[in-house]
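> Before I ask anything, let me first share the structure, which is written out below as structure tokens.
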Amino acid sequence: MRRIAAERWYRVRTVGDGVTWIDEPYIREFYRCNIWHVRGRDRDMLVDSGMGVVSLRRHVPLVTEKPCLAVASHTHFDHIGCHHEFAERLVHAAEAVILARPTRAATLADPYVTDEIFEALPPEPYVSAEYHVKGAPATRLLADGDVIDLGDRRFEVVHTPGHSPGGIALFERETGILFSGDIVYDGPLVEDTYHADPADYYASMKRLLDLPVRIVHGGHFPSYDGARHREIIRAWLEARERT
């Protein structure tokens, strides 16, 4: 399989509202994490950081322009790979141990990370069998209802267990922007991880349905509006209620 030079690994697109969408286009779409950069007056915020196979700070200068809070929506490998590159790292308390001491099993790198998840491989010396996430102990532990303050923007932490115990979404009430992580997005949802919980998943979806959302930036696949958000969740809830 061909390899891609480090300077070509990331794709960067602006989506409005001071939000930039960063991703790794040579990872197949199902496994490709969305990295969201949010501009603030006093500090910026990064929601998730990708696989970590290429340095984010070195190859996406945007993330170094201001002090940047690296928030983990949860601690699976595709979301926290570059968290160690940032001085301020935020995660829900339920997954703090994984962020600090990630293993291939705990981050789901085992069994998911193989050459098959790539369209093209990262630059040498990357080897899928040797891939692991670097430890990045949290500098702040998050809980439901906490606020992440960027100076002129405030994001409420919404604890959304189900996909994983410490999954969170971030909601900016003033704009209706929701960063949803992996609890909900417009694509096949993963409900069977080793630490998933069906009852928690159901409760989290019910809670997210009631938020006055205008636009959703999920952990995977493209963003969508509030109407689509409610459609996805209602269909999911109806399917579960039929079983």
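Residue names in the structure tokens use chain letters A, B, ... in the order shown, residue numbers from 1 in each chain, and ligand numbers from 1 in the order shown.
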Give me, as a VMD selection string, all polymer residues having an atom no more than 8 Å from region 1-14 of chain A, counting only C-alpha atoms and skipping those fewer than 5 positions away in the same chain.
chain A and resid 19 to 26 54 59 to 60 120 to 124
> Please dump the current selection as a PDB file, in the first residue's frame; keep N, CA and C atoms.

```
ATOM      1  N   VAL A  19     -15.607  27.672  13.517  1.00  0.00           N
ATOM      2  CA  VAL A  19     -15.287  26.244  13.638  1.00  0.00           C
ATOM      3  C   VAL A  19     -14.558  25.776  12.378  1.00  0.00           C
ATOM      4  N   THR A  20     -13.485  25.022  12.584  1.00  0.00           N
ATOM      5  CA  THR A  20     -12.732  24.425  11.478  1.00  0.00           C
ATOM      6  C   THR A  20     -12.759  22.916  11.620  1.00  0.00           C
ATOM      7  N   TRP A  21     -13.008  22.240  10.512  1.00  0.00           N
ATOM      8  CA  TRP A  21     -13.095  20.785  10.446  1.00  0.00           C
ATOM      9  C   TRP A  21     -11.760  20.243   9.941  1.00  0.00           C
ATOM     10  N   ILE A  22     -11.107  19.465  10.764  1.00  0.00           N
ATOM     11  CA  ILE A  22      -9.839  18.833  10.413  1.00  0.00           C
ATOM     12  C   ILE A  22     -10.073  17.324  10.399  1.00  0.00           C
ATOM     13  N   ASP A  23      -9.568  16.657   9.374  1.00  0.00           N
ATOM     14  CA  ASP A  23      -9.673  15.201   9.391  1.00  0.00           C
ATOM     15  C   ASP A  23      -8.487  14.581   8.673  1.00  0.00           C
ATOM     16  N   GLU A  24      -8.491  13.237   8.606  1.00  0.00           N
ATOM     17  CA  GLU A  24      -7.401  12.458   8.024  1.00  0.00           C
ATOM     18  C   GLU A  24      -7.975  11.670   6.846  1.00  0.00           C
ATOM     19  N   PRO A  25      -7.954  12.243   5.639  1.00  0.00           N
ATOM     20  CA  PRO A  25      -8.717  11.679   4.526  1.00  0.00           C
ATOM     21  C   PRO A  25      -8.240  10.321   4.027  1.00  0.00           C
ATOM     22  N   TYR A  26      -7.052   9.891   4.425  1.00  0.00           N
ATOM     23  CA  TYR A  26      -6.560   8.598   3.967  1.00  0.00           C
ATOM     24  C   TYR A  26      -6.953   7.456   4.905  1.00  0.00           C
ATOM     25  N   VAL A  54       0.446  11.178  12.648  1.00  0.00           N
ATOM     26  CA  VAL A  54       1.213  12.325  12.156  1.00  0.00           C
ATOM     27  C   VAL A  54       0.967  13.473  13.127  1.00  0.00           C
ATOM     28  N   HIS A  59       1.796  19.946  11.612  1.00  0.00           N
ATOM     29  CA  HIS A  59       1.292  19.999  10.244  1.00  0.00           C
ATOM     30  C   HIS A  59      -0.028  20.747  10.088  1.00  0.00           C
ATOM     31  N   VAL A  60      -0.624  21.182  11.196  1.00  0.00           N
ATOM     32  CA  VAL A  60      -1.814  22.036  11.128  1.00  0.00           C
ATOM     33  C   VAL A  60      -1.549  23.244  12.033  1.00  0.00           C
ATOM     34  N   ALA A 120      -4.556   4.793   2.274  1.00  0.00           N
ATOM     35  CA  ALA A 120      -3.109   4.871   2.080  1.00  0.00           C
ATOM     36  C   ALA A 120      -2.493   5.012   3.457  1.00  0.00           C
ATOM     37  N   LEU A 121      -1.282   4.498   3.625  1.00  0.00           N
ATOM     38  CA  LEU A 121      -0.672   4.458   4.943  1.00  0.00           C
ATOM     39  C   LEU A 121       0.003   5.771   5.310  1.00  0.00           C
ATOM     40  N   PRO A 122       0.128   6.045   6.605  1.00  0.00           N
ATOM     41  CA  PRO A 122       0.924   7.184   7.048  1.00  0.00           C
ATOM     42  C   PRO A 122       2.389   6.985   6.643  1.00  0.00           C
ATOM     43  N   PRO A 123       3.184   8.054   6.761  1.00  0.00           N
ATOM     44  CA  PRO A 123       4.597   7.916   6.389  1.00  0.00           C
ATOM     45  C   PRO A 123       5.342   6.946   7.290  1.00  0.00           C
ATOM     46  N   GLU A 124       6.450   6.426   6.803  1.00  0.00           N
ATOM     47  CA  GLU A 124       7.311   5.585   7.629  1.00  0.00           C
ATOM     48  C   GLU A 124       7.787   6.388   8.847  1.00  0.00           C
TER      49      GLU A 124
END
```
> Taking the DSSP secondary structure from the backbone, can you list the residues of region 1-186 of chain A that are helix (DSSP H, G or I), as a ChimeraX atom specification?
/A:6-8,29-31,56-59,61-64,77-80,83-85,93-100,109-112,115-117,128-130
> Taking the DSSP secondary structure from the backbone, can you list the residues of region 11-206 of chain A that are strand (DSSP E), as a PyMOL selection string?
chain A and resi 11-16+19-23+35-38+44-47+68-71+88-92+140-142+147-149+154-159+168-172+177-181
> Given the selection you just returned, output its residues as a file containing C-alpha atoms, formatted as a PDB file, in the first residue's frame.

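Below is the file that was written, out-v9.pdb:
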```pdb
ATOM      1  CA  ARG A  11      -7.370  18.064   5.479  1.00  0.00           C
ATOM      2  CA  VAL A  12      -8.579  21.413   6.854  1.00  0.00           C
ATOM      3  CA  ARG A  13     -11.937  23.054   6.034  1.00  0.00           C
ATOM      4  CA  THR A  14     -13.794  25.974   7.607  1.00  0.00           C
ATOM      5  CA  VAL A  15     -17.474  25.366   8.371  1.00  0.00           C
ATOM      6  CA  GLY A  16     -18.577  28.697   9.874  1.00  0.00           C
ATOM      7  CA  VAL A  19     -15.287  26.244  13.638  1.00  0.00           C
ATOM      8  CA  THR A  20     -12.732  24.425  11.478  1.00  0.00           C
ATOM      9  CA  TRP A  21     -13.095  20.785  10.446  1.00  0.00           C
ATOM     10  CA  ILE A  22      -9.839  18.833  10.413  1.00  0.00           C
ATOM     11  CA  ASP A  23      -9.673  15.201   9.391  1.00  0.00           C
ATOM     12  CA  ILE A  35     -11.264  16.894  14.697  1.00  0.00           C
ATOM     13  CA  TRP A  36     -13.024  20.167  15.498  1.00  0.00           C
ATOM     14  CA  HIS A  37     -11.100  23.395  16.140  1.00  0.00           C
ATOM     15  CA  VAL A  38     -13.083  26.228  17.728  1.00  0.00           C
ATOM     16  CA  ASP A  44      -9.163  27.988  21.379  1.00  0.00           C
ATOM     17  CA  MET A  45     -10.634  24.522  21.800  1.00  0.00           C
ATOM     18  CA  LEU A  46      -9.884  21.268  20.011  1.00  0.00           C
ATOM     19  CA  VAL A  47     -12.541  18.572  20.203  1.00  0.00           C
ATOM     20  CA  CYS A  68      -5.656  25.471  23.001  1.00  0.00           C
ATOM     21  CA  LEU A  69      -7.756  23.222  25.225  1.00  0.00           C
ATOM     22  CA  ALA A  70      -7.642  19.651  23.888  1.00  0.00           C
ATOM     23  CA  VAL A  71     -10.958  18.050  24.858  1.00  0.00           C
ATOM     24  CA  GLU A  88      -4.129  21.431  28.544  1.00  0.00           C
ATOM     25  CA  ARG A  89      -6.059  18.165  28.222  1.00  0.00           C
ATOM     26  CA  LEU A  90      -9.676  17.710  29.299  1.00  0.00           C
ATOM     27  CA  VAL A  91     -11.624  14.460  29.667  1.00  0.00           C
ATOM     28  CA  HIS A  92     -14.582  13.139  31.636  1.00  0.00           C
ATOM     29  CA  ARG A 140      -8.783  18.966  34.017  1.00  0.00           C
ATOM     30  CA  LEU A 141     -11.456  16.387  34.729  1.00  0.00           C
ATOM     31  CA  LEU A 142     -14.913  17.111  33.359  1.00  0.00           C
ATOM     32  CA  VAL A 147     -18.583  24.799  31.341  1.00  0.00           C
ATOM     33  CA  ILE A 148     -15.593  25.199  29.037  1.00  0.00           C
ATOM     34  CA  ASP A 149     -15.034  28.948  28.755  1.00  0.00           C
ATOM     35  CA  ARG A 154     -19.137  28.903  26.655  1.00  0.00           C
ATOM     36  CA  PHE A 155     -19.652  25.216  25.989  1.00  0.00           C
ATOM     37  CA  GLU A 156     -21.688  23.115  28.402  1.00  0.00           C
ATOM     38  CA  VAL A 157     -20.491  19.581  29.068  1.00  0.00           C
ATOM     39  CA  VAL A 158     -23.266  17.033  28.516  1.00  0.00           C
ATOM     40  CA  HIS A 159     -22.304  13.611  29.839  1.00  0.00           C
ATOM     41  CA  ILE A 168     -19.398  13.744  26.392  1.00  0.00           C
ATOM     42  CA  ALA A 169     -21.054  16.207  24.043  1.00  0.00           C
ATOM     43  CA  LEU A 170     -20.426  19.961  24.132  1.00  0.00           C
ATOM     44  CA  PHE A 171     -23.314  22.384  23.653  1.00  0.00           C
ATOM     45  CA  GLU A 172     -23.112  26.122  22.992  1.00  0.00           C
ATOM     46  CA  ILE A 177     -23.888  24.212  18.138  1.00  0.00           C
ATOM     47  CA  LEU A 178     -23.478  20.670  19.431  1.00  0.00           C
ATOM     48  CA  PHE A 179     -20.251  18.683  19.267  1.00  0.00           C
ATOM     49  CA  SER A 180     -21.688  15.212  19.770  1.00  0.00           C
ATOM     50  CA  GLY A 181     -18.683  12.894  19.805  1.00  0.00           C
TER      51      GLY A 181
END
```
> Could you work out how far CA of Ile233 (chain A) lies from CA of Val113 (chain A), giving the answer in Å with one decimal?
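Calculated distance between CA of Val113 (chain A) and CA of Ile233 (chain A) is 28.8 Å.
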> So how many Å separate CA of Met205 (chain A) and CA of Pro161 (chain A), to one decimal?
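These atoms are spaced 9.5 Å apart.
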> With only C-alpha atoms as the counted atoms, please give the residues lying no more than 10 Å from Arg228 (chain A), apart from itself and same-chain residues fewer than 5 positions off, as JSON, numbers by chain.
{"A": [185, 186, 214, 215, 216, 223, 233, 234]}
> Give me, please, the distance in Å between CA of His217 (chain A) and CA of Thr175 (chain A), quoted to one decimal.
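We find that CA of His217 (chain A) and CA of Thr175 (chain A) lie 12.8 Å from each other.
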> Each residue of region 39-148 of chain A with at least one atom at most 8 Å from region 30-33 of chain A should appear once, together with its nearest atom pair and the corresponding distance in Å (one decimal); atoms considered: only C-alpha atoms; ordering: chain, then increasing residue number; output as JSON lines.

```
{"residue": "A:Asp48", "atom": "CA", "partner": "A:Cys33", "partner_atom": "CA", "distance": 8.0}
{"residue": "A:Gly50", "atom": "CA", "partner": "A:Cys33", "partner_atom": "CA", "distance": 5.7}
{"residue": "A:Met51", "atom": "CA", "partner": "A:Cys33", "partner_atom": "CA", "distance": 7.9}
{"residue": "A:Asp78", "atom": "CA", "partner": "A:Cys33", "partner_atom": "CA", "distance": 5.8}
{"residue": "A:His79", "atom": "CA", "partner": "A:Cys33", "partner_atom": "CA", "distance": 6.2}
{"residue": "A:Ile117", "atom": "CA", "partner": "A:Tyr31", "partner_atom": "CA", "distance": 6.7}
```
> May I have the selected residues written with N, CA and C atoms, as a PDB file, in the first residue's frame?

```pdb
ATOM      1  N   ASP A  48     -11.311  16.482  20.190  1.00  0.00           N
ATOM      2  CA  ASP A  48     -10.669  15.285  19.671  1.00  0.00           C
ATOM      3  C   ASP A  48      -9.433  15.637  18.834  1.00  0.00           C
ATOM      4  N   GLY A  50      -7.680  12.971  16.584  1.00  0.00           N
ATOM      5  CA  GLY A  50      -7.305  12.021  15.549  1.00  0.00           C
ATOM      6  C   GLY A  50      -6.458  10.865  16.053  1.00  0.00           C
ATOM      7  N   MET A  51      -5.886  10.121  15.121  1.00  0.00           N
ATOM      8  CA  MET A  51      -5.151   8.898  15.450  1.00  0.00           C
ATOM      9  C   MET A  51      -3.769   9.142  16.027  1.00  0.00           C
ATOM     10  N   ASP A  78      -9.011   6.643  17.840  1.00  0.00           N
ATOM     11  CA  ASP A  78      -9.142   7.589  16.736  1.00  0.00           C
ATOM     12  C   ASP A  78      -9.451   9.006  17.200  1.00  0.00           C
ATOM     13  N   HIS A  79      -9.669   9.191  18.499  1.00  0.00           N
ATOM     14  CA  HIS A  79     -10.059  10.503  19.023  1.00  0.00           C
ATOM     15  C   HIS A  79      -9.008  11.170  19.901  1.00  0.00           C
ATOM     16  N   ILE A 117      -7.892  -0.288   7.601  1.00  0.00           N
ATOM     17  CA  ILE A 117      -8.670   0.931   7.877  1.00  0.00           C
ATOM     18  C   ILE A 117      -8.162   2.121   7.072  1.00  0.00           C
TER      19      ILE A 117
END
```
